[in-house]
file entry_26.cif (mmCIF, C-alpha atoms and all ligand atoms)
data_model
loop_
_atom_site.group_PDB
_atom_site.id
_atom_site.type_symbol
_atom_site.label_atom_id
_atom_site.label_comp_id
_atom_site.auth_asym_id
_atom_site.auth_seq_id
_atom_site.Cartn_x
_atom_site.Cartn_y
_atom_site.Cartn_z
ATOM 1 C CA MET A 1266 0.000 0.000 0.000
ATOM 2 C CA ASN A 1267 1.427 3.442 -0.872
ATOM 3 C CA ILE A 1268 1.641 6.398 1.504
ATOM 4 C CA PHE A 1269 -1.250 8.210 -0.189
ATOM 5 C CA ASN A 1270 -3.568 5.272 0.388
ATOM 6 C CA GLN A 1271 -2.447 4.940 3.995
ATOM 7 C CA THR A 1272 -3.138 8.633 4.642
ATOM 8 C CA LEU A 1273 -6.494 8.370 2.924
ATOM 9 C CA GLN A 1274 -7.453 5.362 4.999
ATOM 10 C CA THR A 1275 -6.358 7.023 8.240
ATOM 11 C CA SER A 1276 -8.408 10.137 7.466
ATOM 12 C CA GLU A 1277 -11.360 7.965 6.437
ATOM 13 C CA ARG A 1278 -11.140 6.139 9.751
ATOM 14 C CA ILE A 1279 -11.069 9.376 11.743
ATOM 15 C CA LEU A 1280 -14.058 10.634 9.749
ATOM 16 C CA SER A 1281 -15.921 7.357 10.271
ATOM 17 C CA ASP A 1282 -15.424 7.587 14.063
ATOM 18 C CA LEU A 1283 -16.801 11.133 14.010
ATOM 19 C CA TYR A 1284 -19.673 10.102 11.764
ATOM 20 C CA LEU A 1285 -20.786 7.223 13.984
ATOM 21 C CA THR A 1286 -20.482 9.374 17.117
ATOM 22 C CA PHE A 1287 -22.913 11.960 15.782
ATOM 23 C CA ARG A 1288 -25.313 10.052 13.591
ATOM 24 C CA GLU A 1289 -26.761 6.688 12.777
ATOM 25 C CA GLU A 1290 -25.638 4.980 9.597
ATOM 26 C CA ARG A 1291 -28.034 4.692 6.640
ATOM 27 C CA LYS A 1292 -29.829 1.351 6.379
ATOM 28 C CA ALA A 1293 -27.942 -0.984 4.090
ATOM 29 C CA LEU A 1294 -26.818 -4.459 3.184
ATOM 30 C CA ILE A 1295 -23.058 -4.667 3.698
ATOM 31 C CA THR A 1296 -21.308 -7.506 1.946
ATOM 32 C CA PHE A 1297 -17.869 -8.861 2.860
ATOM 33 C CA LEU A 1298 -15.411 -10.933 0.858
ATOM 34 C CA PHE A 1299 -13.140 -13.597 2.324
ATOM 35 C CA HIS A 1300 -10.946 -16.169 0.564
ATOM 36 C CA GLY A 1301 -8.920 -18.665 2.599
ATOM 37 C CA LEU A 1302 -9.130 -18.719 6.393
ATOM 38 C CA PHE A 1303 -6.014 -19.342 8.493
ATOM 39 C CA LYS A 1304 -5.945 -21.127 11.849
ATOM 40 C CA ASN A 1305 -3.444 -18.581 13.161
ATOM 41 C CA GLN A 1306 -0.592 -16.224 12.207
ATOM 42 C CA ASP A 1307 1.916 -19.115 12.135
ATOM 43 C CA GLU A 1308 0.022 -20.747 9.315
ATOM 44 C CA ILE A 1309 0.178 -17.528 7.268
ATOM 45 C CA ARG A 1310 3.972 -17.347 7.735
ATOM 46 C CA GLN A 1311 4.488 -20.806 6.168
ATOM 47 C CA ASN A 1312 4.002 -19.255 2.684
ATOM 48 C CA TRP A 1313 2.065 -22.273 1.453
ATOM 49 C CA VAL A 1314 -0.440 -19.971 -0.215
ATOM 50 C CA HIS A 1315 -0.671 -16.354 -1.242
ATOM 51 C CA PRO A 1316 -1.693 -14.718 2.060
ATOM 52 C CA GLN A 1317 -4.446 -12.675 0.324
ATOM 53 C CA GLN A 1318 -6.133 -10.797 3.175
ATOM 54 C CA GLY A 1319 -4.488 -12.959 5.855
ATOM 55 C CA ILE A 1320 -7.628 -13.416 7.966
ATOM 56 C CA THR A 1321 -7.475 -15.806 10.929
ATOM 57 C CA VAL A 1322 -10.432 -17.613 12.476
ATOM 58 C CA ALA A 1323 -10.217 -15.314 15.526
ATOM 59 C CA GLN A 1324 -10.442 -12.218 13.298
ATOM 60 C CA PHE A 1325 -13.379 -13.713 11.428
ATOM 61 C CA ARG A 1326 -15.208 -14.194 14.744
ATOM 62 C CA GLN A 1327 -14.336 -10.626 15.803
ATOM 63 C CA PHE A 1328 -15.881 -9.267 12.587
ATOM 64 C CA ILE A 1329 -19.161 -11.163 13.087
ATOM 65 C CA GLU A 1330 -19.400 -10.205 16.757
ATOM 66 C CA TYR A 1331 -18.857 -6.517 15.921
ATOM 67 C CA TYR A 1332 -21.803 -6.398 13.525
ATOM 68 C CA GLN A 1333 -24.003 -8.494 15.816
ATOM 69 C CA GLU A 1334 -23.299 -6.061 18.660
ATOM 70 C CA HIS A 1335 -24.481 -3.265 16.373
ATOM 71 C CA ASN A 1336 -27.696 -5.062 15.582
ATOM 72 C CA TYR A 1337 -26.920 -6.197 12.040
ATOM 73 C CA HIS A 1338 -28.807 -9.208 10.686
ATOM 74 C CA PHE A 1339 -26.799 -11.795 8.781
ATOM 75 C CA VAL A 1340 -28.508 -13.021 5.628
ATOM 76 C CA SER A 1341 -28.045 -15.504 2.785
ATOM 77 C CA PRO A 1342 -28.372 -14.735 -0.956
ATOM 78 C CA GLU A 1343 -31.792 -16.432 -0.843
ATOM 79 C CA ASP A 1344 -32.936 -14.016 1.919
ATOM 80 C CA ILE A 1345 -31.846 -11.093 -0.259
ATOM 81 C CA VAL A 1346 -33.721 -12.392 -3.298
ATOM 82 C CA LYS A 1347 -36.864 -12.820 -1.165
ATOM 83 C CA GLY A 1348 -36.561 -9.176 -0.091
ATOM 84 C CA LEU A 1349 -35.057 -7.354 2.906
ATOM 85 C CA GLU A 1350 -37.004 -5.109 5.265
ATOM 86 C CA PRO A 1351 -35.766 -1.570 4.581
ATOM 87 C CA GLN A 1352 -35.738 -0.498 8.248
ATOM 88 C CA LYS A 1353 -32.994 -2.949 9.321
ATOM 89 C CA ASN A 1354 -29.271 -3.368 8.660
ATOM 90 C CA TYR A 1355 -27.846 -6.496 7.083
ATOM 91 C CA VAL A 1356 -24.554 -8.311 6.447
ATOM 92 C CA LEU A 1357 -23.838 -10.937 3.798
ATOM 93 C CA ILE A 1358 -20.688 -13.028 4.377
ATOM 94 C CA THR A 1359 -19.076 -14.388 1.210
ATOM 95 C CA PHE A 1360 -16.098 -16.688 0.640
ATOM 96 C CA ASP A 1361 -14.620 -16.923 -2.873
ATOM 97 C CA ASP A 1362 -12.778 -19.749 -4.634
ATOM 98 C CA GLY A 1363 -13.597 -23.007 -2.781
ATOM 99 C CA TYR A 1364 -10.700 -23.513 -0.368
ATOM 100 C CA TYR A 1365 -11.018 -26.555 1.886
ATOM 101 C CA ASN A 1366 -9.820 -24.387 4.800
ATOM 102 C CA ASN A 1367 -13.244 -22.670 4.692
ATOM 103 C CA VAL A 1368 -14.418 -25.514 6.964
ATOM 104 C CA LEU A 1369 -12.674 -23.496 9.709
ATOM 105 C CA ALA A 1370 -15.536 -21.000 9.428
ATOM 106 C CA LEU A 1371 -18.171 -23.571 10.411
ATOM 107 C CA PRO A 1372 -17.734 -23.586 14.209
ATOM 108 C CA VAL A 1373 -17.887 -19.764 14.154
ATOM 109 C CA LEU A 1374 -21.001 -19.700 11.952
ATOM 110 C CA GLU A 1375 -22.639 -22.224 14.300
ATOM 111 C CA GLU A 1376 -21.618 -20.379 17.450
ATOM 112 C CA CYS A 1377 -22.878 -17.028 16.086
ATOM 113 C CA ARG A 1378 -25.801 -18.606 14.198
ATOM 114 C CA VAL A 1379 -25.138 -16.840 10.910
ATOM 115 C CA PRO A 1380 -25.161 -18.017 7.277
ATOM 116 C CA ALA A 1381 -22.460 -17.494 4.638
ATOM 117 C CA VAL A 1382 -22.218 -18.082 0.907
ATOM 118 C CA PHE A 1383 -19.262 -19.961 -0.559
ATOM 119 C CA PHE A 1384 -18.532 -19.254 -4.235
ATOM 120 C CA ILE A 1385 -17.035 -22.368 -5.782
ATOM 121 C CA THR A 1386 -14.596 -22.568 -8.698
ATOM 122 C CA ALA A 1387 -16.139 -25.726 -10.168
ATOM 123 C CA ASN A 1388 -13.205 -27.313 -12.006
ATOM 124 C CA ASN A 1389 -10.682 -26.731 -9.208
ATOM 125 C CA VAL A 1390 -12.912 -28.862 -6.984
ATOM 126 C CA LYS A 1391 -13.871 -31.397 -9.644
ATOM 127 C CA TYR A 1392 -10.233 -32.000 -10.680
ATOM 128 C CA TYR A 1393 -8.666 -31.233 -7.276
ATOM 129 C CA LYS A 1394 -6.398 -28.459 -8.579
ATOM 130 C CA ALA A 1395 -4.553 -25.881 -6.482
ATOM 131 C CA PHE A 1396 -5.319 -22.269 -7.429
ATOM 132 C CA TRP A 1397 -2.853 -20.834 -9.931
ATOM 133 C CA TRP A 1398 -2.032 -17.686 -7.911
ATOM 134 C CA ASP A 1399 -0.986 -19.848 -4.958
ATOM 135 C CA VAL A 1400 1.330 -21.973 -7.132
ATOM 136 C CA LEU A 1401 2.863 -18.821 -8.595
ATOM 137 C CA TYR A 1402 3.320 -17.244 -5.136
ATOM 138 C CA ARG A 1403 4.828 -20.393 -3.592
ATOM 139 C CA GLU A 1404 7.269 -21.039 -6.438
ATOM 140 C CA ARG A 1405 8.341 -17.425 -6.987
ATOM 141 C CA THR A 1406 8.757 -16.827 -3.232
ATOM 142 C CA LYS A 1407 10.932 -19.959 -3.014
ATOM 143 C CA SER A 1408 13.191 -18.637 -5.750
ATOM 144 C CA GLY A 1409 13.459 -15.213 -4.100
ATOM 145 C CA VAL A 1410 11.410 -13.142 -6.570
ATOM 146 C CA SER A 1411 10.388 -9.817 -4.980
ATOM 147 C CA PRO A 1412 6.697 -9.148 -4.162
ATOM 148 C CA GLU A 1413 6.701 -6.269 -6.701
ATOM 149 C CA LYS A 1414 7.943 -8.539 -9.513
ATOM 150 C CA GLN A 1415 5.387 -11.190 -8.494
ATOM 151 C CA ASN A 1416 2.572 -8.642 -8.583
ATOM 152 C CA GLU A 1417 3.634 -7.531 -12.035
ATOM 153 C CA GLU A 1418 3.618 -11.123 -13.334
ATOM 154 C CA LYS A 1419 0.201 -11.722 -11.750
ATOM 155 C CA ARG A 1420 -1.179 -8.507 -13.226
ATOM 156 C CA ILE A 1421 -0.167 -9.657 -16.734
ATOM 157 C CA LEU A 1422 -1.647 -13.145 -16.191
ATOM 158 C CA LYS A 1423 -4.959 -11.650 -15.046
ATOM 159 C CA LYS A 1424 -5.429 -10.278 -18.577
ATOM 160 C CA LYS A 1425 -5.495 -13.826 -19.984
ATOM 161 C CA THR A 1426 -7.973 -16.697 -20.267
ATOM 162 C CA HIS A 1427 -7.603 -19.755 -18.028
ATOM 163 C CA ARG A 1428 -6.166 -21.795 -20.920
ATOM 164 C CA GLU A 1429 -3.457 -19.221 -21.534
ATOM 165 C CA ILE A 1430 -2.655 -19.059 -17.801
ATOM 166 C CA GLU A 1431 -2.457 -22.859 -17.566
ATOM 167 C CA ALA A 1432 -0.135 -23.065 -20.578
ATOM 168 C CA TYR A 1433 2.096 -20.420 -18.975
ATOM 169 C CA LEU A 1434 2.268 -22.311 -15.664
ATOM 170 C CA VAL A 1435 2.945 -25.694 -17.297
ATOM 171 C CA ASP A 1436 5.785 -24.019 -19.161
ATOM 172 C CA ALA A 1437 7.177 -22.444 -15.970
ATOM 173 C CA PHE A 1438 6.667 -25.248 -13.421
ATOM 174 C CA GLY A 1439 5.851 -28.465 -15.335
ATOM 175 C CA LYS A 1440 2.581 -30.270 -15.982
ATOM 176 C CA ASP A 1441 2.046 -31.253 -12.341
ATOM 177 C CA TYR A 1442 2.209 -27.625 -11.161
ATOM 178 C CA PHE A 1443 -1.378 -27.698 -9.901
ATOM 179 C CA LYS A 1444 -0.976 -30.491 -7.327
ATOM 180 C CA PRO A 1445 -2.047 -29.130 -3.931
ATOM 181 C CA LEU A 1446 0.424 -29.210 -1.021
ATOM 182 C CA ASN A 1447 -1.773 -29.594 2.047
ATOM 183 C CA ASP A 1448 -5.006 -28.554 3.790
ATOM 184 C CA VAL A 1449 -4.068 -24.876 3.573
ATOM 185 C CA ASP A 1450 -3.801 -24.550 -0.211
ATOM 186 C CA ARG A 1451 -6.100 -27.266 -1.456
ATOM 187 C CA PRO A 1452 -9.667 -26.934 -2.708
ATOM 188 C CA PHE A 1453 -12.490 -29.081 -1.363
ATOM 189 C CA THR A 1454 -12.780 -32.551 -2.889
ATOM 190 C CA PRO A 1455 -16.212 -33.159 -4.500
ATOM 191 C CA GLY A 1456 -17.175 -35.444 -1.568
ATOM 192 C CA GLU A 1457 -16.179 -32.854 1.023
ATOM 193 C CA LEU A 1458 -18.040 -30.129 -0.838
ATOM 194 C CA LYS A 1459 -21.187 -32.251 -0.904
ATOM 195 C CA GLU A 1460 -21.028 -32.745 2.862
ATOM 196 C CA PHE A 1461 -20.146 -29.084 3.496
ATOM 197 C CA SER A 1462 -22.970 -27.807 1.271
ATOM 198 C CA ALA A 1463 -25.544 -29.776 3.303
ATOM 199 C CA HIS A 1464 -24.753 -27.717 6.426
ATOM 200 C CA PRO A 1465 -27.697 -25.433 7.307
ATOM 201 C CA TYR A 1466 -25.524 -22.289 7.487
ATOM 202 C CA VAL A 1467 -23.747 -22.985 4.190
ATOM 203 C CA HIS A 1468 -24.994 -21.558 0.879
ATOM 204 C CA ILE A 1469 -23.276 -22.378 -2.388
ATOM 205 C CA GLY A 1470 -22.615 -19.938 -5.233
ATOM 206 C CA ASN A 1471 -20.994 -19.915 -8.689
ATOM 207 C CA HIS A 1472 -17.407 -18.656 -9.176
ATOM 208 C CA THR A 1473 -17.169 -19.930 -12.799
ATOM 209 C CA CYS A 1474 -15.610 -23.186 -13.996
ATOM 210 C CA ASP A 1475 -11.976 -22.112 -14.086
ATOM 211 C CA HIS A 1476 -11.819 -18.855 -12.118
ATOM 212 C CA ALA A 1477 -12.324 -17.112 -15.449
ATOM 213 C CA ILE A 1478 -11.808 -13.359 -15.385
ATOM 214 C CA LEU A 1479 -14.883 -12.941 -17.515
ATOM 215 C CA THR A 1480 -13.969 -9.632 -19.164
ATOM 216 C CA ASN A 1481 -11.176 -11.560 -20.989
ATOM 217 C CA TYR A 1482 -13.731 -13.853 -22.688
ATOM 218 C CA THR A 1483 -16.043 -13.698 -25.704
ATOM 219 C CA ARG A 1484 -19.814 -13.776 -25.183
ATOM 220 C CA ASP A 1485 -19.849 -17.550 -25.799
ATOM 221 C CA GLY A 1486 -16.883 -18.039 -23.502
ATOM 222 C CA ILE A 1487 -18.622 -16.113 -20.695
ATOM 223 C CA ARG A 1488 -21.770 -18.193 -21.081
ATOM 224 C CA GLU A 1489 -19.801 -21.466 -21.118
ATOM 225 C CA GLN A 1490 -17.823 -20.581 -17.959
ATOM 226 C CA ILE A 1491 -20.973 -19.657 -16.023
ATOM 227 C CA SER A 1492 -23.397 -22.332 -17.230
ATOM 228 C CA ALA A 1493 -20.917 -25.236 -17.061
ATOM 229 C CA ALA A 1494 -20.093 -24.226 -13.466
ATOM 230 C CA GLN A 1495 -23.819 -24.322 -12.620
ATOM 231 C CA LYS A 1496 -23.992 -27.891 -13.951
ATOM 232 C CA ILE A 1497 -20.814 -29.163 -12.286
ATOM 233 C CA ILE A 1498 -21.787 -27.645 -8.915
ATOM 234 C CA GLU A 1499 -25.234 -29.220 -9.192
ATOM 235 C CA GLU A 1500 -23.684 -32.611 -10.027
ATOM 236 C CA MET A 1501 -21.399 -32.381 -6.996
ATOM 237 C CA THR A 1502 -23.820 -30.951 -4.416
ATOM 238 C CA ALA A 1503 -27.362 -31.310 -5.832
ATOM 239 C CA ILE A 1504 -27.644 -27.528 -5.330
ATOM 240 C CA VAL A 1505 -28.288 -25.095 -8.174
ATOM 241 C CA PRO A 1506 -26.536 -21.843 -7.228
ATOM 242 C CA GLN A 1507 -28.663 -18.682 -7.188
ATOM 243 C CA SER A 1508 -25.738 -16.290 -6.967
ATOM 244 C CA ILE A 1509 -22.404 -15.619 -8.640
ATOM 245 C CA ALA A 1510 -19.232 -13.800 -7.564
ATOM 246 C CA TYR A 1511 -17.253 -12.660 -10.598
ATOM 247 C CA PRO A 1512 -13.602 -13.774 -10.362
ATOM 248 C CA ASN A 1513 -11.343 -10.797 -9.624
ATOM 249 C CA GLY A 1514 -14.545 -8.713 -9.442
ATOM 250 C CA ASN A 1515 -14.454 -8.118 -13.214
ATOM 251 C CA TYR A 1516 -17.991 -7.218 -14.276
ATOM 252 C CA SER A 1517 -19.708 -5.800 -17.366
ATOM 253 C CA GLU A 1518 -23.385 -5.328 -18.231
ATOM 254 C CA GLU A 1519 -23.007 -8.169 -20.767
ATOM 255 C CA ILE A 1520 -21.729 -10.499 -18.008
ATOM 256 C CA GLY A 1521 -24.693 -9.521 -15.795
ATOM 257 C CA GLU A 1522 -27.132 -10.158 -18.613
ATOM 258 C CA ILE A 1523 -25.671 -13.599 -19.449
ATOM 259 C CA SER A 1524 -25.670 -14.561 -15.751
ATOM 260 C CA ARG A 1525 -29.385 -13.781 -15.550
ATOM 261 C CA GLN A 1526 -30.080 -15.775 -18.726
ATOM 262 C CA VAL A 1527 -28.318 -18.746 -17.128
ATOM 263 C CA GLY A 1528 -30.747 -18.447 -14.206
ATOM 264 C CA LEU A 1529 -28.700 -16.615 -11.577
ATOM 265 C CA LYS A 1530 -30.584 -14.170 -9.365
ATOM 266 C CA LEU A 1531 -27.778 -12.249 -7.659
ATOM 267 C CA GLY A 1532 -24.285 -11.143 -8.721
ATOM 268 C CA ILE A 1533 -21.537 -9.729 -6.524
ATOM 269 C CA THR A 1534 -18.618 -7.507 -7.552
ATOM 270 C CA THR A 1535 -15.676 -6.192 -5.537
ATOM 271 C CA SER A 1536 -16.607 -2.524 -5.784
ATOM 272 C CA PRO A 1537 -16.029 -1.436 -2.138
ATOM 273 C CA ARG A 1538 -19.314 0.260 -1.224
ATOM 274 C CA LYS A 1539 -22.499 -0.286 0.810
ATOM 275 C CA ASN A 1540 -25.745 -1.466 -0.834
ATOM 276 C CA TYR A 1541 -28.418 0.932 0.413
ATOM 277 C CA LEU A 1542 -31.941 -0.199 1.190
ATOM 278 C CA PRO A 1543 -34.418 -0.657 -0.292
ATOM 279 C CA LEU A 1544 -32.348 -2.662 -2.763
ATOM 280 C CA ASN A 1545 -33.160 -2.258 -6.420
ATOM 281 C CA LEU A 1546 -33.121 -5.806 -7.784
ATOM 282 C CA GLU A 1547 -34.628 -4.928 -11.174
ATOM 283 C CA GLY A 1548 -32.751 -6.281 -14.215
ATOM 284 C CA ASN A 1549 -28.987 -6.009 -13.985
ATOM 285 C CA HIS A 1550 -29.171 -4.071 -10.681
ATOM 286 C CA SER A 1551 -29.404 -7.454 -8.947
ATOM 287 C CA MET A 1552 -26.200 -8.578 -10.665
ATOM 288 C CA ARG A 1553 -23.806 -5.940 -9.304
ATOM 289 C CA LEU A 1554 -24.019 -5.884 -5.524
ATOM 290 C CA GLN A 1555 -20.944 -4.274 -4.011
ATOM 291 C CA ARG A 1556 -18.672 -5.684 -1.307
ATOM 292 C CA PHE A 1557 -15.852 -4.829 1.032
ATOM 293 C CA ILE A 1558 -12.655 -6.724 1.855
ATOM 294 C CA LEU A 1559 -11.232 -6.925 5.387
ATOM 295 C CA TRP A 1560 -7.456 -7.099 5.912
ATOM 296 C CA GLY A 1561 -5.885 -9.191 8.657
ATOM 297 C CA ASN A 1562 -2.861 -6.897 9.054
ATOM 298 C CA GLY A 1563 -4.994 -3.968 10.259
ATOM 299 C CA SER A 1564 -7.469 -3.539 13.102
ATOM 300 C CA ILE A 1565 -10.633 -5.490 12.265
ATOM 301 C CA ILE A 1566 -12.756 -3.237 14.481
ATOM 302 C CA LYS A 1567 -11.516 -0.043 12.807
ATOM 303 C CA GLN A 1568 -12.295 -1.494 9.382
ATOM 304 C CA CYS A 1569 -15.748 -2.612 10.553
ATOM 305 C CA ARG A 1570 -16.450 0.904 11.847
ATOM 306 C CA LEU A 1571 -15.333 2.478 8.577
ATOM 307 C CA TYR A 1572 -17.552 0.229 6.481
ATOM 308 C CA ARG A 1573 -20.485 0.692 8.855
ATOM 309 C CA SER A 1574 -20.328 4.476 8.500
ATOM 310 C CA ASP A 1575 -21.322 6.225 5.266
ATOM 311 C CA VAL A 1576 -18.027 8.081 4.936
ATOM 312 C CA ARG A 1577 -16.940 6.280 1.767
ATOM 313 C CA GLU A 1578 -20.219 7.132 0.052
ATOM 314 C CA PHE A 1579 -20.109 10.725 1.323
ATOM 315 C CA LEU A 1580 -16.577 11.233 -0.024
ATOM 316 C CA HIS A 1581 -17.561 9.596 -3.298
ATOM 317 C CA SER A 1582 -20.550 11.948 -3.728
ATOM 318 C CA LEU A 1583 -18.247 14.948 -3.097
ATOM 319 C CA ARG A 1584 -15.888 13.724 -5.838
ATOM 320 C CA MET A 1585 -18.797 13.186 -8.230
ATOM 321 C CA SER A 1586 -20.241 16.666 -7.667
ATOM 322 C CA ARG A 1587 -16.937 18.444 -8.377
HETATM 323 ZN ZN ZN B 1 -11.727 -15.782 -6.749
#
call {"tool": "encode", "arguments": {"input": "entry_26.cif", "output": "structure tokens", "more": "lines below"}}
Ligand SMILES: [Zn+2]
result
Amino acid sequence: MNIFNQTLQTSERILSDLYLTFREERKALITFLFHGLFKNQDEIRQNWVHPQQGITVAQFRQFIEYYQEHNYHFVSPEDIVKGLEPQKNYVLITFDDGYYNNVLALPVLEECRVPAVFFITANNVKYYKAFWWDVLYRERTKSGVSPEKQNEEKRILKKKTHREIEAYLVDAFGKDYFKPLNDVDRPFTPGELKEFSAHPYVHIGNHTCDHAILTNYTRDGIREQISAAQKIIEEMTAIVPQSIAYPNGNYSEEIGEISRQVGLKLGITTSPRKNYLPLNLEGNHSMRLQRFILWGNGSIIKQCRLYRSDVREFLHSLRMSR
């Protein structure tokens, strides 16, 4: 993170404290994105996977407890589709990718009695393949490549289709590059996913077949990635997903339209904003819900306060009116 961003975040946090001291936040659905969960800090330091946000189970619990203390109701995608009462505040918990380590969330969900939606990359589960960004991180870190160089390589790969990325990784690390290492980096197996998906607090969503960054695909390619994932997930779990999280958050109106044609009712991006109530779920509005990301290397409570306040939206409206 650069200095400008740090300063901006600090000032946003000060503003959010002031905001919440003097007024109540506007009623909204706040959505949060998680990827892998770590048992503890030690597990993050092993470098088995890209640390992503580096969220531990304890931090995950802290986040849920914060919003429960402030009277937020935790909902599933199905609850949202049915309609939310506009006089309450809501949280939707989402996990992307399909990491096996997401089972660590279950005791917390049970203890707090809250649902979550898990967006599954269908082929990684079906074929038991590690996620490409983890392989890249692990191998490049081992050979001493700097984080900046790694980010640059990843940025270039994110402009490609999954076939192009796979060809690149086979070339760099051999055809067995995708073999998972352990319970930290591996996806669910189909059997585990079936069992997991039957849990009453678990909801299953679509994250495409191959973690396809859909803006890199043709119209037919987009449709194939979304509809084949629906089928594979149904075969594995007997559940037909109602919601999709677009890999890397890459969204277009065409992607929203195709998702609806495939039968999906809700789509979630990574645009970091609140979703104010009442929600407009007409047409493509339902396909671009916004969501925040929490970071394990900062105070969870401060981030929760910032996202609870309307400071981000206030600052955004100032920028728009200039
Ligand atoms: Zn993802």
call {"tool": "residues_around", "arguments": {"input": "entry_26.cif", "residues": "Glu1500 in chain A", "least_positions_apart": "5", "cutoff": "12 Å", "atoms": "all atoms listed in the file", "output": "list in words"}}
result
Ala1387, Asn1388, Val1390, Lys1391, Pro1455, Gly1456, Leu1458, Lys1459, Ala1493, Ala1494, Gln1495, Val1505 and Pro1506 of chain A
call {"tool": "resolve_selection", "arguments": {"input": "entry_26.cif", "expression": "the PyMOL selection byres (((chain A and resi 1368) around 10) and not hetatm)", "output": "MDAnalysis selection string"}}
result
chainID A and resid 1301:1302 1364:1367 1369:1373 1453 1457:1458 1461
call {"tool": "residues_near_point", "arguments": {"input": "entry_26.cif", "point": "(-28.3, -26.8, 8.7)", "cutoff": "12 Å", "atoms": "only C-alpha atoms", "output": "PyMOL selection string"}}
result
chain A and resi 1371+1374-1375+1378-1381+1460-1468
call {"tool": "resolve_selection", "arguments": {"input": "entry_26.cif", "expression": "the PyMOL selection byres (((not hetatm)) within 10 of (chain B and resi 1))", "output": "list in words"}}
result
Leu1298, Phe1299, His1300, Phe1360, Asp1361, Asp1362, Gly1363, Phe1384, Ile1385, Thr1386, Phe1396, Trp1398, His1472, Thr1473, Asp1475, His1476, Ala1477, Ile1478, Ala1510, Tyr1511, Pro1512, Asn1513 and Gly1514 of chain A
call {"tool": "closest_residue", "arguments": {"input": "entry_26.cif", "among": "A:Ala1323, A:Val1314, A:Ile1309, A:Ile1421", "to": "Ile1565 in chain A", "atoms": "only C-alpha atoms"}}
result
A:Ala1323
call {"tool": "resolve_selection", "arguments": {"input": "entry_26.cif", "expression": "the PyMOL selection byres (((chain A and resi 1558-1560) around 6) and not hetatm)", "output": "PyMOL selection string"}}
result
chain A and resi 1297-1298+1318+1557+1561-1563
call {"tool": "residues_around", "arguments": {"input": "entry_26.cif", "residues": "Tyr1284 in chain A", "least_positions_apart": "4", "cutoff": "8 Å", "atoms": "only C-alpha atoms", "output": "PyMOL selection string"}}
result
chain A and resi 1280+1288-1289+1574-1576
call {"tool": "atom_distance", "arguments": {"input": "entry_26.cif", "atom1": "CA of Ile1329 in chain A", "atom2": "CA of Cys1377 in chain A"}}
result
7.6 Å
call {"tool": "closest_residue", "arguments": {"input": "entry_26.cif", "among": "A:Trp1397, A:Arg1577, A:Lys1440, A:Gly1470", "to": "Ile1533 in chain A", "atoms": "all atoms listed in the file"}}
result
A:Gly1470
call {"tool": "closest_atom_pairs", "arguments": {"input": "entry_26.cif", "of": "range 1515-1581 of chain A", "to": "range 1332-1336 of chain A", "cutoff": "12 Å", "atoms": "only C-alpha atoms", "output": "CSV"}}
result
residue,atom,partner,partner_atom,distance
A:Ile1565,CA,A:Tyr1332,CA,11.3
A:Ile1566,CA,A:Tyr1332,CA,9.6
A:Gln1568,CA,A:Tyr1332,CA,11.5
A:Cys1569,CA,A:Tyr1332,CA,7.7
A:Arg1570,CA,A:Tyr1332,CA,9.2
A:Tyr1572,CA,A:Tyr1332,CA,10.6
A:Arg1573,CA,A:Tyr1332,CA,8.6
A:Ser1574,CA,A:His1335,CA,11.8
call {"tool": "closest_residue", "arguments": {"input": "entry_26.cif", "among": "A:Ala1503, A:Ile1520, A:Leu1422, A:Pro1342", "to": "Phe1383 in chain A", "atoms": "all atoms listed in the file"}}
result
A:Pro1342
